[in-house]
Amino acid sequence: QVQLVESGGGLVQAGGSLRLSCTVSGSIFSINVMAWYRQAPGKQRELVASITSGRLTNYADSVKARFTISRDNAKNTVYLQMNSLKPEDTSVYYCYAQYGGGLRTSWGQGTQVTVSS
């Protein structure tokens with residue numbers, strides 16, 4: 001069983017930066033894919049960025065060139081560096097892991113990011 005705990009959310013002005021962290025309990029080496037999703041009130045949860053065990057990354061068009069996902073296997077942590085934040089980035093951000101050969105998934109509890117204009 002893999003458990004995920006997010007941190008780093010908060011309130012920031014437009015144009016500012018935040019770094020989210022997702023700490024994994026259990027071995028990060030067993031995880032095939034880790035990702036960040038977000039969900040704003042009244043909207044569907046959407047993929048923000050993902051990273052594979054081979055460090056291949058994928059980003060939503062809306063965050064390309066502004067957000068960077070990375071993983072530190074030694075610290076069992078995945079990061080989401082968010083720069084040039086916009087009010088439309090306001091959401092609850094969730095960490096996600098796919099492991100067990102892709103057969104199992106786990107979600108974090110979410111962390112609120114609020115960007116003021």
# chains A, B, ... in the order shown; residues from 1 in each chain; ligands from 1
>>> closest_atom_pairs(of="stretch 19-38 of chain A", to="stretch 83-92 of chain A", cutoff="9 Å", atoms="only C-alpha atoms", output="CSV")
residue,atom,partner,partner_atom,distance
A:Arg19,CA,A:Asn83,CA,8.5
A:Tyr37,CA,A:Val92,CA,8.4
A:Arg38,CA,A:Val92,CA,5.4
>>> write_last_selection(atoms="N, CA, C and O atoms", output="mmCIF file, in the first residue's frame")
data_model
loop_
_atom_site.group_PDB
_atom_site.id
_atom_site.type_symbol
_atom_site.label_atom_id
_atom_site.label_comp_id
_atom_site.auth_asym_id
_atom_site.auth_seq_id
_atom_site.Cartn_x
_atom_site.Cartn_y
_atom_site.Cartn_z
ATOM 1 N N ARG A 19 5.759 25.770 -4.518
ATOM 2 C CA ARG A 19 6.228 24.418 -4.794
ATOM 3 C C ARG A 19 5.438 23.443 -3.933
ATOM 4 O O ARG A 19 5.464 23.550 -2.695
ATOM 5 N N TYR A 37 -2.936 16.209 -10.055
ATOM 6 C CA TYR A 37 -4.224 16.590 -10.614
ATOM 7 C C TYR A 37 -4.724 17.806 -9.843
ATOM 8 O O TYR A 37 -4.243 18.104 -8.752
ATOM 9 N N ARG A 38 -5.717 18.483 -10.387
ATOM 10 C CA ARG A 38 -6.351 19.575 -9.662
ATOM 11 C C ARG A 38 -7.846 19.585 -9.954
ATOM 12 O O ARG A 38 -8.289 19.111 -10.992
#
>>> select_by_dssp(residues="chain A", states="strand (DSSP E or B)", output="ChimeraX atom specification")
/A:3-7,10-13,18-25,31-39,46-52,57-59,67-72,77-82,91-99,104-107,111-116
>>> residues_around(residues="A:Met82", least_positions_apart="5", cutoff="7 Å", atoms="only C-alpha atoms", output="list in words")
Ser17, Leu18, Arg19, Arg66, Phe67 and Thr68 of chain A
>>> closest_residue(among="A:Leu11, A:Ile69, A:Glu6, A:Gln1", to="A:Ser117", atoms="only C-alpha atoms")
A:Leu11
>>> closest_atom_pairs(of="stretch 39-63 of chain A", to="stretch 100-116 of chain A", cutoff="12 Å", atoms="only C-alpha atoms", output="tab-separated table")
residue	atom	partner	partner_atom	distance
A:Gln39	CA	A:Gly110	CA	9.4
A:Ala40	CA	A:Gln112	CA	9.6
A:Pro41	CA	A:Gln112	CA	11.4
A:Arg45	CA	A:Gly110	CA	11.6
A:Thr52	CA	A:Gly102	CA	11.3
A:Ser53	CA	A:Gly101	CA	11.6
>>> write_last_selection(atoms="N, CA, C and O atoms", output="PDB file, in the first residue's frame")
ATOM      1  N   GLN A  39      -8.567  20.123  -8.987  1.00  0.00           N
ATOM      2  CA  GLN A  39     -10.008  20.210  -9.126  1.00  0.00           C
ATOM      3  C   GLN A  39     -10.493  21.513  -8.519  1.00  0.00           C
ATOM      4  O   GLN A  39     -10.318  21.753  -7.315  1.00  0.00           O
ATOM      5  N   ALA A  40     -11.094  22.337  -9.367  1.00  0.00           N
ATOM      6  CA  ALA A  40     -11.684  23.595  -8.916  1.00  0.00           C
ATOM      7  C   ALA A  40     -13.158  23.354  -8.608  1.00  0.00           C
ATOM      8  O   ALA A  40     -13.757  22.408  -9.128  1.00  0.00           O
ATOM      9  N   PRO A  41     -13.771  24.202  -7.777  1.00  0.00           N
ATOM     10  CA  PRO A  41     -15.187  24.024  -7.435  1.00  0.00           C
ATOM     11  C   PRO A  41     -16.071  23.979  -8.675  1.00  0.00           C
ATOM     12  O   PRO A  41     -15.950  24.819  -9.572  1.00  0.00           O
ATOM     13  N   ARG A  45     -12.034  16.946 -12.058  1.00  0.00           N
ATOM     14  CA  ARG A  45     -10.613  16.820 -11.752  1.00  0.00           C
ATOM     15  C   ARG A  45      -9.845  16.663 -13.068  1.00  0.00           C
ATOM     16  O   ARG A  45     -10.250  15.901 -13.946  1.00  0.00           O
ATOM     17  N   THR A  52       6.982   9.564 -15.139  1.00  0.00           N
ATOM     18  CA  THR A  52       7.122   8.114 -15.044  1.00  0.00           C
ATOM     19  C   THR A  52       8.366   7.747 -14.254  1.00  0.00           C
ATOM     20  O   THR A  52       9.189   8.601 -13.905  1.00  0.00           O
ATOM     21  N   SER A  53       8.526   6.458 -14.001  1.00  0.00           N
ATOM     22  CA  SER A  53       9.720   5.983 -13.304  1.00  0.00           C
ATOM     23  C   SER A  53      10.973   6.274 -14.115  1.00  0.00           C
ATOM     24  O   SER A  53      12.059   6.413 -13.559  1.00  0.00           O
TER      25      SER A  53
END
>>> closest_residue(among="A:Ser7, A:Ser50, A:Asn58, A:Gln13", to="A:Met34", atoms="only C-alpha atoms")
A:Ser50
>>> atom_distance(atom1="atom CA of A:Gly15", atom2="atom CA of A:Leu80")
16.0 Å
>>> residues_around(residues="A:Gln3", least_positions_apart="6", cutoff="12 Å", atoms="only C-alpha atoms", output="number ranges by chain")
A: 22-28, 31, 76-77, 95-99, 104-109
>>> decode(residues="chain A", atoms="C-alpha atoms", output="PDB file, in the first residue's frame")
ATOM      1  CA  GLN A   1       0.000   0.000   0.000  1.00  0.00           C
ATOM      2  CA  VAL A   2       1.304   3.413  -0.972  1.00  0.00           C
ATOM      3  CA  GLN A   3       0.180   6.489   0.948  1.00  0.00           C
ATOM      4  CA  LEU A   4       0.647  10.045  -0.279  1.00  0.00           C
ATOM      5  CA  VAL A   5       0.801  13.272   1.717  1.00  0.00           C
ATOM      6  CA  GLU A   6       0.809  16.646  -0.028  1.00  0.00           C
ATOM      7  CA  SER A   7       2.154  19.905   1.327  1.00  0.00           C
ATOM      8  CA  GLY A   8       3.116  23.355   0.098  1.00  0.00           C
ATOM      9  CA  GLY A   9      -0.220  24.835  -0.875  1.00  0.00           C
ATOM     10  CA  GLY A  10      -1.279  28.304   0.135  1.00  0.00           C
ATOM     11  CA  LEU A  11      -2.269  31.778  -0.978  1.00  0.00           C
ATOM     12  CA  VAL A  12      -0.128  33.634  -3.508  1.00  0.00           C
ATOM     13  CA  GLN A  13      -0.540  36.658  -5.740  1.00  0.00           C
ATOM     14  CA  ALA A  14      -0.785  36.315  -9.498  1.00  0.00           C
ATOM     15  CA  GLY A  15       2.665  35.995 -11.002  1.00  0.00           C
ATOM     16  CA  GLY A  16       4.046  34.333  -7.902  1.00  0.00           C
ATOM     17  CA  SER A  17       5.390  30.836  -7.315  1.00  0.00           C
ATOM     18  CA  LEU A  18       4.678  27.856  -5.095  1.00  0.00           C
ATOM     19  CA  ARG A  19       6.228  24.418  -4.794  1.00  0.00           C
ATOM     20  CA  LEU A  20       4.041  21.477  -3.882  1.00  0.00           C
ATOM     21  CA  SER A  21       5.525  18.337  -2.365  1.00  0.00           C
ATOM     22  CA  CYS A  22       4.114  14.835  -2.268  1.00  0.00           C
ATOM     23  CA  THR A  23       5.790  12.486   0.162  1.00  0.00           C
ATOM     24  CA  VAL A  24       5.356   8.776  -0.457  1.00  0.00           C
ATOM     25  CA  SER A  25       5.189   6.181   2.312  1.00  0.00           C
ATOM     26  CA  GLY A  26       6.519   2.950   0.925  1.00  0.00           C
ATOM     27  CA  SER A  27       9.063   2.633  -1.816  1.00  0.00           C
ATOM     28  CA  ILE A  28       8.849   5.157  -4.604  1.00  0.00           C
ATOM     29  CA  PHE A  29      10.685   2.644  -6.777  1.00  0.00           C
ATOM     30  CA  SER A  30       7.541   0.491  -6.963  1.00  0.00           C
ATOM     31  CA  ILE A  31       5.621   3.374  -8.487  1.00  0.00           C
ATOM     32  CA  ASN A  32       5.253   3.473 -12.253  1.00  0.00           C
ATOM     33  CA  VAL A  33       3.664   6.895 -12.627  1.00  0.00           C
ATOM     34  CA  MET A  34       3.188   9.830 -10.316  1.00  0.00           C
ATOM     35  CA  ALA A  35       1.083  12.816 -11.169  1.00  0.00           C
ATOM     36  CA  TRP A  36      -0.552  15.974  -9.951  1.00  0.00           C
ATOM     37  CA  TYR A  37      -4.224  16.590 -10.614  1.00  0.00           C
ATOM     38  CA  ARG A  38      -6.351  19.575  -9.662  1.00  0.00           C
ATOM     39  CA  GLN A  39     -10.008  20.210  -9.126  1.00  0.00           C
ATOM     40  CA  ALA A  40     -11.684  23.595  -8.916  1.00  0.00           C
ATOM     41  CA  PRO A  41     -15.187  24.024  -7.435  1.00  0.00           C
ATOM     42  CA  GLY A  42     -17.836  22.838  -9.868  1.00  0.00           C
ATOM     43  CA  LYS A  43     -15.282  21.414 -12.284  1.00  0.00           C
ATOM     44  CA  GLN A  44     -13.956  17.973 -13.071  1.00  0.00           C
ATOM     45  CA  ARG A  45     -10.613  16.820 -11.752  1.00  0.00           C
ATOM     46  CA  GLU A  46      -7.964  17.345 -14.416  1.00  0.00           C
ATOM     47  CA  LEU A  47      -4.426  16.154 -14.979  1.00  0.00           C
ATOM     48  CA  VAL A  48      -1.811  18.849 -14.430  1.00  0.00           C
ATOM     49  CA  ALA A  49       1.444  16.922 -14.880  1.00  0.00           C
ATOM     50  CA  SER A  50       2.812  13.395 -14.687  1.00  0.00           C
ATOM     51  CA  ILE A  51       6.202  11.728 -14.441  1.00  0.00           C
ATOM     52  CA  THR A  52       7.122   8.114 -15.044  1.00  0.00           C
ATOM     53  CA  SER A  53       9.720   5.983 -13.304  1.00  0.00           C
ATOM     54  CA  GLY A  54      11.932   6.739 -16.291  1.00  0.00           C
ATOM     55  CA  ARG A  55      11.396  10.475 -15.663  1.00  0.00           C
ATOM     56  CA  LEU A  56       9.322  11.041 -18.776  1.00  0.00           C
ATOM     57  CA  THR A  57       7.049  14.014 -18.145  1.00  0.00           C
ATOM     58  CA  ASN A  58       3.731  15.190 -19.521  1.00  0.00           C
ATOM     59  CA  TYR A  59       1.913  18.476 -18.916  1.00  0.00           C
ATOM     60  CA  ALA A  60      -1.505  19.958 -19.505  1.00  0.00           C
ATOM     61  CA  ASP A  61      -1.353  22.639 -22.189  1.00  0.00           C
ATOM     62  CA  SER A  62      -2.541  25.230 -19.682  1.00  0.00           C
ATOM     63  CA  VAL A  63       0.556  24.814 -17.484  1.00  0.00           C
ATOM     64  CA  LYS A  64       3.311  24.079 -20.004  1.00  0.00           C
ATOM     65  CA  ALA A  65       6.351  26.316 -19.570  1.00  0.00           C
ATOM     66  CA  ARG A  66       5.066  27.428 -16.140  1.00  0.00           C
ATOM     67  CA  PHE A  67       4.974  24.222 -14.070  1.00  0.00           C
ATOM     68  CA  THR A  68       7.661  21.580 -13.607  1.00  0.00           C
ATOM     69  CA  ILE A  69       7.180  18.116 -12.125  1.00  0.00           C
ATOM     70  CA  SER A  70      10.151  16.250 -10.680  1.00  0.00           C
ATOM     71  CA  ARG A  71      10.847  13.307  -8.396  1.00  0.00           C
ATOM     72  CA  ASP A  72      13.557  12.695  -5.833  1.00  0.00           C
ATOM     73  CA  ASN A  73      13.759   8.958  -5.260  1.00  0.00           C
ATOM     74  CA  ALA A  74      16.170   9.361  -2.354  1.00  0.00           C
ATOM     75  CA  LYS A  75      13.585  11.468  -0.501  1.00  0.00           C
ATOM     76  CA  ASN A  76      10.529   9.496  -1.711  1.00  0.00           C
ATOM     77  CA  THR A  77       9.087  12.801  -2.848  1.00  0.00           C
ATOM     78  CA  VAL A  78       7.547  14.261  -5.978  1.00  0.00           C
ATOM     79  CA  TYR A  79       7.441  17.998  -6.518  1.00  0.00           C
ATOM     80  CA  LEU A  80       5.404  20.410  -8.574  1.00  0.00           C
ATOM     81  CA  GLN A  81       7.129  23.747  -9.074  1.00  0.00           C
ATOM     82  CA  MET A  82       4.533  26.304 -10.126  1.00  0.00           C
ATOM     83  CA  ASN A  83       5.696  29.623 -11.545  1.00  0.00           C
ATOM     84  CA  SER A  84       3.843  32.576 -13.082  1.00  0.00           C
ATOM     85  CA  LEU A  85       0.694  31.531 -11.275  1.00  0.00           C
ATOM     86  CA  LYS A  86      -2.651  32.765 -12.542  1.00  0.00           C
ATOM     87  CA  PRO A  87      -6.012  33.105 -10.759  1.00  0.00           C
ATOM     88  CA  GLU A  88      -7.305  30.252 -12.925  1.00  0.00           C
ATOM     89  CA  ASP A  89      -4.730  27.956 -11.300  1.00  0.00           C
ATOM     90  CA  THR A  90      -6.756  28.184  -8.081  1.00  0.00           C
ATOM     91  CA  SER A  91      -7.754  24.622  -7.179  1.00  0.00           C
ATOM     92  CA  VAL A  92      -7.258  21.792  -4.776  1.00  0.00           C
ATOM     93  CA  TYR A  93      -4.183  19.915  -5.993  1.00  0.00           C
ATOM     94  CA  TYR A  94      -3.999  16.154  -5.541  1.00  0.00           C
ATOM     95  CA  CYS A  95      -1.035  13.823  -5.740  1.00  0.00           C
ATOM     96  CA  TYR A  96      -1.594  10.515  -7.547  1.00  0.00           C
ATOM     97  CA  ALA A  97       0.426   7.335  -7.824  1.00  0.00           C
ATOM     98  CA  GLN A  98       0.045   4.300 -10.028  1.00  0.00           C
ATOM     99  CA  TYR A  99       1.933   1.197  -8.888  1.00  0.00           C
ATOM    100  CA  GLY A 100       1.820  -2.575  -8.709  1.00  0.00           C
ATOM    101  CA  GLY A 101       2.392  -2.910 -12.422  1.00  0.00           C
ATOM    102  CA  GLY A 102      -0.257  -0.273 -13.045  1.00  0.00           C
ATOM    103  CA  LEU A 103      -2.951  -2.255 -11.258  1.00  0.00           C
ATOM    104  CA  ARG A 104      -3.182  -0.126  -8.134  1.00  0.00           C
ATOM    105  CA  THR A 105      -3.608   3.579  -7.543  1.00  0.00           C
ATOM    106  CA  SER A 106      -3.449   5.934  -4.603  1.00  0.00           C
ATOM    107  CA  TRP A 107      -4.501   9.550  -4.010  1.00  0.00           C
ATOM    108  CA  GLY A 108      -3.377  12.131  -1.503  1.00  0.00           C
ATOM    109  CA  GLN A 109      -5.804  14.192   0.547  1.00  0.00           C
ATOM    110  CA  GLY A 110      -5.276  17.360  -1.488  1.00  0.00           C
ATOM    111  CA  THR A 111      -3.763  20.761  -0.821  1.00  0.00           C
ATOM    112  CA  GLN A 112      -5.436  24.101  -1.584  1.00  0.00           C
ATOM    113  CA  VAL A 113      -3.743  26.568  -3.908  1.00  0.00           C
ATOM    114  CA  THR A 114      -5.325  30.008  -4.153  1.00  0.00           C
ATOM    115  CA  VAL A 115      -4.016  32.654  -6.559  1.00  0.00           C
ATOM    116  CA  SER A 116      -5.286  36.182  -6.022  1.00  0.00           C
ATOM    117  CA  SER A 117      -5.490  38.737  -8.830  1.00  0.00           C
TER     118      SER A 117
END
